[in-house]
$ cat data-v4.cif   # mmCIF, C-alpha atoms
data_start
#
loop_
_atom_site.label_atom_id
_atom_site.label_comp_id
_atom_site.auth_asym_id
_atom_site.auth_seq_id
_atom_site.Cartn_x
_atom_site.Cartn_y
_atom_site.Cartn_z
CA MET E 256 -31.72 3.49 -24.99
CA ALA E 257 -32.24 3.19 -21.33
CA GLN E 258 -35.86 4.21 -21.71
CA ALA E 259 -36.72 0.59 -20.89
CA LEU E 260 -35.31 1.09 -17.39
CA VAL E 261 -37.36 4.23 -16.91
CA ASP E 262 -40.46 2.37 -17.97
CA LEU E 263 -39.69 -0.40 -15.52
CA VAL E 264 -39.46 2.05 -12.65
CA ARG E 265 -42.58 3.89 -13.76
CA GLU E 266 -44.59 0.68 -13.94
CA GLY E 267 -43.42 -0.64 -10.61
CA PHE E 268 -43.63 2.62 -8.64
CA LYS E 269 -46.37 4.78 -10.06
CA GLU E 270 -46.74 7.16 -7.13
CA ALA E 271 -43.05 7.25 -6.20
CA VAL E 272 -41.87 8.67 -9.49
CA LEU E 273 -42.29 12.42 -9.61
CA SER E 274 -40.98 12.91 -13.13
CA SER E 275 -38.51 11.55 -15.62
CA HIS E 276 -36.57 13.05 -18.44
CA SER E 277 -33.53 12.53 -20.60
CA HIS E 278 -30.61 14.90 -20.22
CA ARG E 279 -27.96 14.64 -22.92
CA GLY E 280 -28.55 10.97 -23.36
CA ASP E 281 -28.80 10.19 -19.65
CA GLU E 282 -32.13 8.93 -18.39
CA VAL E 283 -33.10 10.62 -15.14
CA VAL E 284 -35.88 9.54 -12.81
CA VAL E 285 -36.86 11.91 -10.01
CA LEU E 286 -38.10 10.01 -6.99
CA ARG E 287 -39.80 10.67 -3.71
CA ARG E 288 -37.16 10.08 -1.09
CA GLU E 289 -39.25 7.59 0.89
CA ALA E 290 -39.15 5.24 -2.09
CA VAL E 291 -35.40 5.24 -2.64
CA GLN E 292 -34.69 1.96 -0.88
CA ASP E 293 -37.57 0.10 -2.52
CA VAL E 294 -36.73 1.35 -5.99
CA CYS E 295 -33.05 0.49 -5.59
CA ARG E 296 -33.83 -2.98 -4.31
CA PHE E 297 -36.24 -3.46 -7.21
CA LEU E 298 -33.66 -2.28 -9.74
CA LYS E 299 -30.96 -4.53 -8.38
CA ASP E 300 -32.89 -7.73 -7.85
CA GLY E 301 -35.54 -7.35 -10.57
CA GLU E 302 -35.19 -7.68 -14.27
CA ALA E 303 -33.26 -4.41 -14.55
CA ARG E 304 -30.21 -6.25 -13.14
CA ILE E 305 -28.45 -3.10 -11.99
CA GLN E 306 -25.54 -4.45 -9.97
CA LEU E 307 -23.32 -1.40 -10.14
CA LEU E 308 -23.76 1.79 -8.19
CA ARG E 309 -21.28 4.04 -9.93
CA ASP E 310 -21.51 6.86 -7.44
CA ILE E 311 -23.80 9.02 -5.39
CA ALA E 312 -23.44 12.72 -6.00
CA CYS E 313 -24.85 15.70 -4.19
CA VAL E 314 -25.43 19.24 -5.36
CA ASP E 315 -26.09 22.32 -3.28
CA LEU E 316 -28.34 24.56 -5.33
CA LEU E 317 -28.24 27.49 -2.93
CA THR E 318 -26.64 29.81 -5.46
CA TYR E 319 -27.87 28.09 -8.58
CA ASP E 320 -30.33 30.73 -9.78
CA THR E 321 -28.46 33.83 -8.84
CA GLU E 322 -24.80 33.17 -9.19
CA MET E 323 -22.88 31.11 -11.66
CA THR E 324 -19.32 31.84 -10.58
CA GLY E 325 -19.63 32.46 -6.85
CA GLY E 326 -16.25 34.18 -6.64
CA GLY E 327 -17.21 37.48 -5.07
CA ALA E 328 -16.92 37.50 -1.33
CA LEU E 329 -13.96 35.20 -1.04
CA ALA E 330 -11.61 37.47 0.85
CA SER E 331 -12.82 36.55 4.28
CA ASN E 332 -11.92 33.94 6.83
CA GLU E 333 -15.20 33.97 8.66
CA VAL E 334 -17.97 35.57 6.66
CA PRO E 335 -19.68 33.17 4.30
CA ALA E 336 -20.09 34.22 0.71
CA TYR E 337 -23.81 33.62 1.07
CA ASP E 338 -25.29 34.46 4.40
CA LEU E 339 -28.36 32.37 5.00
CA ALA E 340 -29.73 34.99 7.35
CA LYS E 341 -29.87 37.47 4.51
CA LYS E 342 -30.76 35.17 1.70
CA ALA E 343 -33.44 32.54 1.86
CA PRO E 344 -32.23 29.23 0.47
CA ARG E 345 -33.59 27.99 -2.79
CA GLU E 346 -35.91 25.07 -2.16
CA PRO E 347 -35.45 22.20 -2.56
CA ARG E 348 -31.84 23.06 -1.86
CA PHE E 349 -30.04 19.73 -2.24
CA GLN E 350 -30.16 17.21 -5.03
CA LEU E 351 -28.87 13.68 -4.67
CA ALA E 352 -28.05 11.70 -7.80
CA TYR E 353 -27.60 7.94 -7.79
CA ASN E 354 -25.76 6.95 -10.94
CA LEU E 355 -26.53 3.34 -11.71
CA TYR E 356 -25.31 0.99 -14.39
CA SER E 357 -26.44 -2.42 -15.45
CA VAL E 358 -23.47 -4.43 -16.61
CA VAL E 359 -25.73 -7.08 -18.11
CA ARG E 360 -27.97 -4.73 -20.08
CA LYS E 361 -25.23 -2.16 -20.71
CA GLN E 362 -27.64 0.61 -19.72
CA SER E 363 -27.31 3.36 -17.20
CA LEU E 364 -29.89 5.17 -15.15
CA ARG E 365 -29.81 8.12 -12.81
CA LEU E 366 -32.10 8.38 -9.82
CA ARG E 367 -32.54 11.82 -8.39
CA VAL E 368 -33.87 12.82 -5.00
CA GLU E 369 -34.52 16.40 -4.00
CA LEU E 370 -34.13 17.48 -0.39
CA ARG E 371 -35.35 20.59 1.37
CA SER E 372 -32.81 22.38 3.55
CA ASP E 373 -34.89 22.03 6.70
CA ASP E 374 -35.01 18.23 6.44
CA VAL E 375 -31.83 16.81 4.95
CA LYS E 376 -32.55 13.16 5.55
CA VAL E 377 -32.74 10.29 3.14
CA PRO E 378 -32.91 6.51 3.66
CA THR E 379 -29.66 4.65 3.13
CA VAL E 380 -29.06 2.22 0.31
CA THR E 381 -26.12 0.46 1.96
CA GLY E 382 -28.31 -2.63 2.27
CA VAL E 383 -28.61 -2.77 -1.50
CA TRP E 384 -25.09 -1.91 -2.65
CA ARG E 385 -22.19 -2.20 -0.21
CA THR E 386 -20.34 0.56 -2.04
CA ALA E 387 -22.98 3.03 -0.99
CA ASP E 388 -21.44 2.93 2.49
CA TRP E 389 -18.48 5.18 1.66
CA TRP E 390 -20.38 7.32 -0.85
CA GLU E 391 -22.94 8.15 1.78
CA ARG E 392 -20.28 8.89 4.37
CA TYR E 393 -18.62 11.16 1.84
CA ILE E 394 -21.82 13.08 1.20
CA PHE E 395 -22.47 13.31 4.93
CA ASP E 396 -18.96 14.67 5.37
CA MET E 397 -19.17 17.27 2.62
CA PHE E 398 -22.84 18.27 2.66
CA GLY E 399 -24.26 17.11 5.98
CA ILE E 400 -26.94 14.95 4.41
CA GLU E 401 -28.11 12.40 6.95
CA PHE E 402 -28.61 8.88 5.68
CA ILE E 403 -31.15 7.14 7.89
CA GLY E 404 -30.12 3.60 8.76
CA HIS E 405 -26.47 3.91 7.74
CA PRO E 406 -24.33 1.57 9.87
CA ASN E 407 -21.47 4.01 10.50
CA LEU E 408 -22.28 7.55 9.48
CA THR E 409 -19.08 9.41 10.39
CA ARG E 410 -16.74 11.72 8.56
CA ILE E 411 -14.65 9.92 5.99
CA LEU E 412 -12.31 12.59 4.55
CA MET E 413 -12.21 15.42 7.05
CA TYR E 414 -10.96 15.05 10.59
CA PRO E 415 -13.47 14.57 13.41
CA GLU E 416 -12.71 18.01 14.86
CA PHE E 417 -13.88 19.70 11.67
CA GLN E 418 -16.89 21.96 12.09
CA GLY E 419 -19.46 22.41 9.36
CA TYR E 420 -19.77 21.00 5.88
CA PRO E 421 -17.19 22.36 3.47
CA LEU E 422 -18.94 21.83 0.14
CA ARG E 423 -22.08 23.65 1.17
CA LYS E 424 -22.29 26.97 -0.58
CA ASP E 425 -22.67 28.88 2.68
CA TYR E 426 -19.39 27.53 4.08
CA PRO E 427 -16.90 30.44 4.19
CA THR E 428 -14.48 29.86 1.36
CA ARG E 429 -11.52 31.27 3.25
CA LYS E 430 -12.23 29.49 6.50
CA ARG E 431 -9.41 27.32 7.85
CA GLN E 432 -9.58 24.93 10.77
CA PRO E 433 -5.97 24.00 11.52
CA LEU E 434 -5.18 21.03 13.73
CA VAL E 435 -1.82 22.29 14.96
CA ALA E 436 -0.87 25.87 15.72
CA GLU E 437 0.28 27.42 12.47
CA LEU E 438 3.24 29.75 12.33
CA ASP E 439 2.37 33.21 11.16
CA PHE E 440 5.17 35.21 9.61
CA PRO E 441 5.52 37.79 6.86
CA ASP E 442 5.10 36.22 3.50
CA LEU E 443 6.03 37.69 0.14
CA VAL E 444 2.92 36.46 -1.61
CA ARG E 445 0.28 36.38 1.04
CA GLY E 446 1.32 39.26 3.21
CA PRO E 447 1.47 39.27 6.99
CA GLY E 448 -1.31 38.25 9.30
CA PRO E 449 -4.73 36.73 8.83
CA GLY E 450 -7.85 38.42 7.59
CA PRO E 451 -8.94 40.08 4.37
CA GLY E 452 -5.95 41.10 2.33
CA GLY E 453 -3.64 39.23 4.66
CA ALA E 454 -2.35 35.72 4.74
CA GLY E 455 -4.16 33.19 2.70
CA VAL E 456 -5.67 35.63 0.24
CA PRO E 457 -4.45 35.10 -3.31
CA MET E 458 -2.98 37.97 -5.28
CA SER E 459 -5.91 37.98 -7.69
CA GLN E 460 -8.10 39.24 -4.90
CA THR E 461 -5.73 41.40 -2.95
CA HIS E 462 -4.89 43.61 -5.89
CA VAL E 463 -8.54 44.40 -6.40
CA GLY E 464 -8.86 45.24 -2.74
CA ARG E 465 -12.40 43.96 -2.48
CA LYS E 466 -13.94 43.68 0.93
CA ASN E 467 -16.74 41.33 1.85
CA VAL E 468 -19.60 41.82 -0.49
CA ASP E 469 -23.14 41.93 0.81
CA PRO E 470 -24.78 38.87 -0.74
CA THR E 471 -27.99 40.73 -1.42
CA THR E 472 -26.31 43.50 -3.33
CA TYR E 473 -23.65 41.40 -4.91
CA ASP E 474 -23.26 42.11 -8.60
CA MET F 482 41.35 28.46 26.95
CA ALA F 483 41.57 29.29 30.57
CA ASP F 484 41.15 26.67 33.23
CA GLY F 485 37.60 25.80 34.18
CA ARG F 486 36.19 26.76 30.80
CA LEU F 487 34.44 24.18 28.75
CA PRO F 488 34.75 24.98 25.06
CA ILE F 489 31.51 24.45 23.15
CA LEU F 490 30.86 24.80 19.44
CA ARG F 491 27.59 26.33 18.47
CA PRO F 492 25.99 26.99 15.09
CA GLU F 493 25.52 30.59 14.16
CA GLY F 494 24.65 32.56 11.08
CA ASN F 495 22.19 31.40 8.46
CA VAL F 496 19.95 29.36 10.70
CA PRO F 497 16.98 31.73 10.85
CA GLU F 498 14.53 29.18 12.21
CA SER F 499 16.56 27.96 15.15
CA PRO F 500 16.35 30.04 18.29
CA ARG F 501 19.48 32.13 18.12
CA PRO F 502 21.63 31.42 21.15
CA HIS F 503 22.85 34.42 22.98
CA SER F 504 26.41 34.94 21.93
CA GLY F 505 27.37 36.12 25.35
CA LEU F 506 29.50 38.82 23.82
CA GLY F 507 26.79 41.48 24.06
CA GLU F 508 27.06 44.88 22.41
CA GLU F 509 30.79 44.84 22.21
CA ALA F 510 30.64 42.14 19.56
CA ALA F 511 29.32 44.68 17.06
CA VAL F 512 32.09 47.15 17.69
CA PRO F 513 35.28 46.54 15.75
CA VAL F 514 38.07 45.85 18.16
CA LEU F 515 41.72 45.07 17.90
CA LEU F 516 42.06 41.35 17.87
CA THR F 517 44.37 39.85 20.38
CA ARG F 518 46.36 36.81 19.49
CA ARG F 519 43.93 34.71 21.47
CA GLU F 520 40.85 35.94 19.58
CA ASP F 521 42.71 35.58 16.37
CA ALA F 522 43.44 31.99 17.21
CA ILE F 523 39.86 31.30 18.17
CA ASN F 524 38.67 32.78 14.91
CA TRP F 525 41.04 30.60 12.99
CA PHE F 526 39.90 27.56 14.95
CA GLU F 527 36.24 28.35 14.41
CA GLU F 528 36.75 28.83 10.73
CA LYS F 529 38.53 25.55 10.30
CA VAL F 530 36.09 23.54 12.41
CA SER F 531 33.05 25.15 10.81
CA GLY F 532 34.41 24.45 7.37
CA ALA F 533 35.09 20.83 8.19
CA LEU F 534 31.71 20.34 9.85
CA GLY F 535 29.92 22.04 6.96
CA TRP F 536 31.79 19.97 4.42
CA ALA F 537 30.95 16.76 6.22
CA ARG F 538 27.31 17.64 6.70
CA ALA F 539 26.63 19.11 3.29
CA ASN F 540 28.01 16.14 1.43
CA SER F 541 26.34 13.37 3.36
CA LEU F 542 22.72 14.46 3.64
CA PHE F 543 20.54 11.63 4.83
CA GLN F 544 17.09 12.40 3.60
CA TYR F 545 13.67 11.41 4.74
CA PRO F 546 11.19 11.68 1.86
CA PHE F 547 7.77 12.69 3.17
CA VAL F 548 5.97 11.88 -0.06
CA THR F 549 2.28 12.71 -0.09
CA ALA F 550 1.35 13.44 -3.68
CA CYS F 551 2.23 13.43 -7.35
CA CYS F 552 5.56 15.22 -6.78
CA GLY F 553 6.70 11.80 -5.62
CA MET F 554 7.05 10.74 -9.25
CA GLU F 555 9.44 13.58 -9.83
CA TYR F 556 11.26 12.69 -6.65
CA MET F 557 11.79 9.17 -8.00
CA SER F 558 13.11 10.65 -11.20
CA VAL F 559 15.55 12.79 -9.22
CA MET F 560 16.75 9.78 -7.32
CA CYS F 561 17.21 7.56 -10.37
CA GLY F 562 20.04 7.24 -12.83
CA ARG F 563 19.60 10.14 -15.17
CA TYR F 564 19.53 12.95 -12.61
CA ASP F 565 21.02 11.01 -9.75
CA LEU F 566 20.81 12.95 -6.55
CA ALA F 567 23.47 10.60 -5.19
CA ARG F 568 26.12 12.60 -7.02
CA PHE F 569 25.68 15.32 -4.40
CA GLY F 570 25.92 13.04 -1.43
CA ALA F 571 22.20 12.89 -0.70
CA GLU F 572 22.13 9.31 -1.70
CA PHE F 573 20.47 7.32 0.94
CA PRO F 574 16.79 7.81 1.77
CA ARG F 575 16.17 6.78 5.34
CA PHE F 576 12.74 5.51 6.17
CA THR F 577 12.71 6.69 9.70
CA PRO F 578 13.06 10.38 10.53
CA ARG F 579 15.31 9.52 13.46
CA GLN F 580 18.13 8.64 11.11
CA ALA F 581 17.64 11.52 8.71
CA ASP F 582 18.81 15.09 8.66
CA LEU F 583 17.05 16.37 5.55
CA LEU F 584 13.26 16.28 5.52
CA MET F 585 11.95 16.50 1.96
CA ILE F 586 8.28 17.43 1.96
CA VAL F 587 7.18 16.10 -1.40
CA GLY F 588 3.59 17.04 -2.10
CA THR F 589 0.49 18.62 -0.65
CA ILE F 590 0.14 18.85 3.10
CA ASN F 591 -3.46 18.84 4.18
CA VAL F 592 -4.79 19.78 7.56
CA LYS F 593 -5.43 16.19 8.58
CA GLN F 594 -1.78 15.39 7.92
CA SER F 595 -0.25 18.37 9.66
CA PRO F 596 0.12 16.71 13.11
CA VAL F 597 1.92 13.82 11.41
CA LEU F 598 4.33 16.15 9.65
CA LEU F 599 5.01 18.03 12.85
CA ARG F 600 5.73 14.80 14.66
CA VAL F 601 8.07 13.57 11.94
CA TYR F 602 9.97 16.83 12.12
CA GLU F 603 10.23 16.69 15.88
CA GLN F 604 11.58 13.16 15.74
CA MET F 605 14.51 14.19 13.60
CA THR F 606 17.68 14.92 15.50
CA GLU F 607 19.65 18.13 15.15
CA PRO F 608 21.14 19.27 12.89
CA LYS F 609 18.18 19.05 10.55
CA TRP F 610 17.05 20.79 7.41
CA VAL F 611 13.80 20.90 5.51
CA MET F 612 13.18 21.16 1.80
CA ALA F 613 9.74 22.05 0.45
CA PHE F 614 9.48 20.15 -2.80
CA GLY F 615 6.97 21.69 -5.21
CA VAL F 616 4.48 24.52 -4.87
CA CYS F 617 2.02 22.61 -2.72
CA ALA F 618 4.59 22.08 0.01
CA SER F 619 5.88 25.62 -0.46
CA SER F 620 2.64 27.59 -0.47
CA GLY F 621 -0.32 25.29 -0.80
CA GLY F 622 -0.23 25.70 -4.56
CA PHE F 623 -3.62 26.03 -6.19
CA TYR F 624 -5.25 24.10 -3.36
CA ASP F 625 -6.47 27.26 -1.70
CA ASN F 626 -9.26 25.56 0.17
CA TYR F 627 -10.61 24.27 3.45
CA ALA F 628 -8.47 21.12 3.55
CA THR F 629 -4.97 22.25 2.61
CA VAL F 630 -2.23 23.79 4.70
CA GLN F 631 -1.05 26.89 2.88
CA GLY F 632 2.57 25.85 2.80
CA ALA F 633 4.51 23.51 5.03
CA ASP F 634 6.23 26.55 6.54
CA ARG F 635 3.03 27.16 8.50
CA ILE F 636 3.75 23.99 10.43
CA ILE F 637 7.53 23.64 10.53
CA PRO F 638 10.47 25.84 9.50
CA VAL F 639 11.61 25.34 5.92
CA ASP F 640 15.14 25.96 4.65
CA VAL F 641 14.80 25.76 0.90
CA TYR F 642 11.78 26.03 -1.37
CA VAL F 643 11.74 24.31 -4.75
CA PRO F 644 8.93 25.73 -6.91
CA GLY F 645 7.23 23.92 -9.74
CA CYS F 646 4.19 21.74 -10.24
CA PRO F 647 5.97 19.40 -10.16
CA PRO F 648 9.50 20.82 -10.21
CA ARG F 649 11.88 19.66 -12.88
CA PRO F 650 14.67 17.45 -11.52
CA GLU F 651 17.14 20.19 -12.38
CA GLN F 652 15.28 22.52 -10.04
CA VAL F 653 15.54 19.98 -7.26
CA LEU F 654 19.25 19.60 -7.87
CA ASP F 655 19.56 23.37 -7.79
CA GLY F 656 17.61 23.49 -4.53
CA LEU F 657 19.91 20.87 -3.07
CA LYS F 658 22.97 22.84 -4.13
CA ILE F 659 21.53 25.93 -2.47
CA LEU F 660 20.92 23.95 0.68
CA GLN F 661 24.44 22.55 0.59
CA GLU F 662 25.78 26.07 0.24
CA LYS F 663 23.74 27.07 3.24
CA ILE F 664 25.05 24.17 5.30
CA GLN F 665 28.62 24.70 4.16
CA THR F 666 28.67 28.38 5.10
CA GLN F 667 27.12 27.85 8.49
CA ARG F 668 29.44 29.28 11.10
CA HIS F 669 30.05 27.68 14.47
CA THR F 670 31.34 29.92 17.20
CA LEU F 671 33.31 28.88 20.19
CA HIS F 672 31.72 29.61 23.53
CA SER F 673 32.93 29.06 26.98
CA VAL F 674 30.65 27.92 29.70
CA GLU F 675 31.39 30.92 31.84
CA ARG F 676 30.18 33.25 29.17
CA SER F 677 26.86 31.43 28.72
CA PRO F 678 25.02 31.25 32.02
CA GLU F 679 22.25 29.08 30.61
CA LEU F 680 24.76 26.29 30.03
CA ARG F 681 26.00 26.04 33.58
CA GLU F 682 23.45 23.40 34.45
CA GLU F 683 24.60 21.38 31.50
CA LYS F 684 28.14 21.72 32.66
CA LYS F 685 27.24 20.33 36.04
CA ARG F 686 25.59 17.35 34.48
CA SER F 687 28.30 16.34 32.10
CA PHE F 688 31.23 14.27 33.18
CA LEU F 689 33.73 16.55 31.55
CA GLY F 690 32.07 19.55 33.18
CA LYS F 691 32.33 17.96 36.58
CA LEU F 692 35.96 17.20 35.96
CA LEU F 693 36.75 20.73 34.88
CA ALA F 694 34.74 22.39 37.62
CA ARG F 695 36.69 20.66 40.29
#

$ encode --input "data-v4.cif" --output "structure tokens"
Amino acid sequence: MAQALVDLVREGFKEAVLSSHSHRGDEVVVLRREAVQDVCRFLKDGEARIQLLRDIACVDLLTYDTEMTGGGALASNEVPAYDLAKKAPREPRFQLAYNLYSVVRKQSLRLRVELRSDDVKVPTVTGVWRTADWWERYIFDMFGIEFIGHPNLTRILMYPEFQGYPLRKDYPTRKRQPLVAELDFPDLVRGPGPGPGGAGVPMSQTHVGRKNVDPTTYD
Amino acid sequence: MADGRLPILRPEGNVPESPRPHSGLGEEAAVPVLLTRREDAINWFEEKVSGALGWARANSLFQYPFVTACCGMEYMSVMCGRYDLARFGAEFPRFTPRQADLLMIVGTINVKQSPVLLRVYEQMTEPKWVMAFGVCASSGGFYDNYATVQGADRIIPVDVYVPGCPPRPEQVLDGLKILQEKIQTQRHTLHSVERSPELREEKKRSFLGKLLAR
């Protein structure tokens, strides 16, 4: 139904569109990242009349090919489940999805931009939709994607002292960054002390007694 | 009491989180001794005063609801007509921690909030108690992730834990009854200033102490 929108983008930006397809009824257009601003401006002001940016989503595809569950090496405070030193990232690692909707035409469209892990930068679309401001700050907060030209690119959910990007797949799942000194005392469920098998490790993992699993040999 | 001794009542017993004051009695307190009439009288006095204090405190809990999440809906239900927490004396939510003596942590505590919670707790005056309302406040619940404090007891001492996601109002009432029991059975012991050297400075400062030390 929204094929008309795809055709509009394809006509207007022949070299910017890498591919397009339909996934379960959603029309997806994969773009070069340099063209994001122009395409968005065209979609909003042109005959597509897309006034609504529903959301911007980001996906880290680091473990996409190899691991569907990602639950193995959880019992650690420091060691990431997927050590980038041992495992080369899948490229392009990040995918950004702009979910758009035209209230007038009652049609939706998804723009997708793929980013390599060595250059996580993309032009901002805050000039097109104001709501992109907080979405882009959110993605910067969670994934560390840098939006070039954003007026105030700071953390929006996490505190400023927070190190790293928590929704990246190489962020240690057990890692905690407390703001105040936390009391440590024997606990019936979590057991005493930090570390593997200690505080903060759920029973489902302690009873198995798994240590950190080497990401290369992980089953 | 002998002259020059300033009698002081101190809480003792089931207050695991407070720093336990030195009783001043030392090892001999553990050894059964023949009670003199004086000790007998002090015991009787302590018992009566502790009972009265516990009764007064347990039945007029002024609460400060620290509501952060969906458990707040259940908290409202507890406070309203059908379950009616007011029946147990915990009627009046105060909206400043300085006037409250029961801190109810209702909902998830995340790391960004933990300094706020600590500050709220520190602003409350003694005696103070803390209830962890729901699993998130008790243990972090299923939010076992980068953003969530794994139980409010990592930040501040907690007296009673009410499990449930969210807890039924009956569970909260039960938790409150347990807390009241704890407050009621708290024992205050009589100390004299001479037996507690760390209180001598206090004695010098207070008017009554100056009067008695003369």

$ interface_residues --input "data-v4.cif" --of "chain F" --to "chain E" --cutoff "8 Å" --atoms "all atoms listed in the file" --output "PDB file with C-alpha atoms, in the coordinates of the input"
ATOM      1  CA  VAL F 592      -4.790  19.780   7.560  1.00  0.00           C
ATOM      2  CA  LYS F 593      -5.430  16.190   8.580  1.00  0.00           C
ATOM      3  CA  SER F 595      -0.250  18.370   9.660  1.00  0.00           C
ATOM      4  CA  PRO F 596       0.120  16.710  13.110  1.00  0.00           C
ATOM      5  CA  ASP F 625      -6.470  27.260  -1.700  1.00  0.00           C
ATOM      6  CA  ASN F 626      -9.260  25.560   0.170  1.00  0.00           C
ATOM      7  CA  TYR F 627     -10.610  24.270   3.450  1.00  0.00           C
ATOM      8  CA  ALA F 628      -8.470  21.120   3.550  1.00  0.00           C
ATOM      9  CA  VAL F 630      -2.230  23.790   4.700  1.00  0.00           C
ATOM     10  CA  GLN F 631      -1.050  26.890   2.880  1.00  0.00           C
ATOM     11  CA  ASP F 634       6.230  26.550   6.540  1.00  0.00           C
ATOM     12  CA  ARG F 635       3.030  27.160   8.500  1.00  0.00           C
ATOM     13  CA  ILE F 636       3.750  23.990  10.430  1.00  0.00           C
ATOM     14  CA  ILE F 637       7.530  23.640  10.530  1.00  0.00           C
TER      15      ILE F 637
END

$ resolve_selection --input "data-v4.cif" --expression "the PyMOL selection byres ((chain E and resi 348) around 12)" --output "CSV table (one decimal) with C-alpha atoms, in the coordinates of the input"
chain,number,residue,atom,x,y,z
E,313,CYS,CA,-24.8,15.7,-4.2
E,314,VAL,CA,-25.4,19.2,-5.4
E,315,ASP,CA,-26.1,22.3,-3.3
E,316,LEU,CA,-28.3,24.6,-5.3
E,317,LEU,CA,-28.2,27.5,-2.9
E,318,THR,CA,-26.6,29.8,-5.5
E,319,TYR,CA,-27.9,28.1,-8.6
E,320,ASP,CA,-30.3,30.7,-9.8
E,343,ALA,CA,-33.4,32.5,1.9
E,344,PRO,CA,-32.2,29.2,0.5
E,345,ARG,CA,-33.6,28.0,-2.8
E,346,GLU,CA,-35.9,25.1,-2.2
E,347,PRO,CA,-35.4,22.2,-2.6
E,349,PHE,CA,-30.0,19.7,-2.2
E,350,GLN,CA,-30.2,17.2,-5.0
E,351,LEU,CA,-28.9,13.7,-4.7
E,368,VAL,CA,-33.9,12.8,-5.0
E,369,GLU,CA,-34.5,16.4,-4.0
E,370,LEU,CA,-34.1,17.5,-0.4
E,371,ARG,CA,-35.4,20.6,1.4
E,372,SER,CA,-32.8,22.4,3.6
E,373,ASP,CA,-34.9,22.0,6.7
E,374,ASP,CA,-35.0,18.2,6.4
E,375,VAL,CA,-31.8,16.8,5.0
E,398,PHE,CA,-22.8,18.3,2.7
E,400,ILE,CA,-26.9,15.0,4.4
E,423,ARG,CA,-22.1,23.6,1.2
E,424,LYS,CA,-22.3,27.0,-0.6
E,425,ASP,CA,-22.7,28.9,2.7

$ atom_distance --input "data-v4.cif" --atom1 "atom CA of Met560 of chain F" --atom2 "atom CA of Leu657 of chain F"
12.3 Å

$ atom_distance --input "data-v4.cif" --atom1 "atom CA of Glu401 of chain E" --atom2 "atom CA of Ala352 of chain E"
14.8 Å

$ residues_around --input "data-v4.cif" --residues "Phe543 of chain F" --least-positions-apart "5" --cutoff "7 Å" --atoms "all atoms listed in the file" --output "PyMOL selection string"
chain F and resi 571+573-575+581-583

$ residues_around --input "data-v4.cif" --residues "Asp300 of chain E" --least-positions-apart "5" --cutoff "12 Å" --atoms "only C-alpha atoms" --output "MDAnalysis selection string"
chainID E and resid 293:295 305:307 357 383:384

$ resolve_selection --input "data-v4.cif" --expression "the PyMOL selection byres ((chain F and resi 647) around 7)" --output "ChimeraX atom specification"
/F:552,555,615,645-646,648-649

$ residues_around --input "data-v4.cif" --residues "segment 403-405 of chain E" --least-positions-apart "2" --cutoff "6 Å" --atoms "all atoms listed in the file" --output "PyMOL selection string"
chain E and resi 377-379+407-408

$ resolve_selection --input "data-v4.cif" --expression "the PyMOL selection byres ((chain E and resi 353) around 8)" --output "MDAnalysis selection string"
chainID E and resid 308:312 351:352 354:355 365:367

$ atom_distance --input "data-v4.cif" --atom1 "atom CA of Ala618 of chain F" --atom2 "atom CA of His669 of chain F"
29.8 Å

$ closest_residue --input "data-v4.cif" --among "F:Thr549, F:Ser541, F:Gln580, F:Gln652" --to "Tyr602 of chain F" --atoms "only C-alpha atoms"
F:Gln580

$ residues_around --input "data-v4.cif" --residues "segment 662-668 of chain F" --least-positions-apart "3" --cutoff "12 Å" --atoms "only C-alpha atoms" --output "MDAnalysis selection string"
chainID F and resid 490:497 524:542 569 582:583 608:611 640:641 655:659 671

$ residues_around --input "data-v4.cif" --residues "Arg304 of chain E" --least-positions-apart "2" --cutoff "10 Å" --atoms "all atoms listed in the file" --output "list in words"
Leu260, Phe297, Leu298, Lys299, Asp300, Gly301, Glu302, Gln306, Leu307, Tyr356, Ser357, Val358, Val359, Arg360, Lys361 and Gln362 of chain E

$ closest_residue --input "data-v4.cif" --among "E:Val283, E:Val291, E:Ile394, E:Ala259" --to "Ile411 of chain E" --atoms "only C-alpha atoms"
E:Ile394

$ closest_residue --input "data-v4.cif" --among "F:Phe576, F:Leu566, F:Thr629, F:Thr606" --to "Thr589 of chain F" --atoms "all atoms listed in the file"
F:Thr629
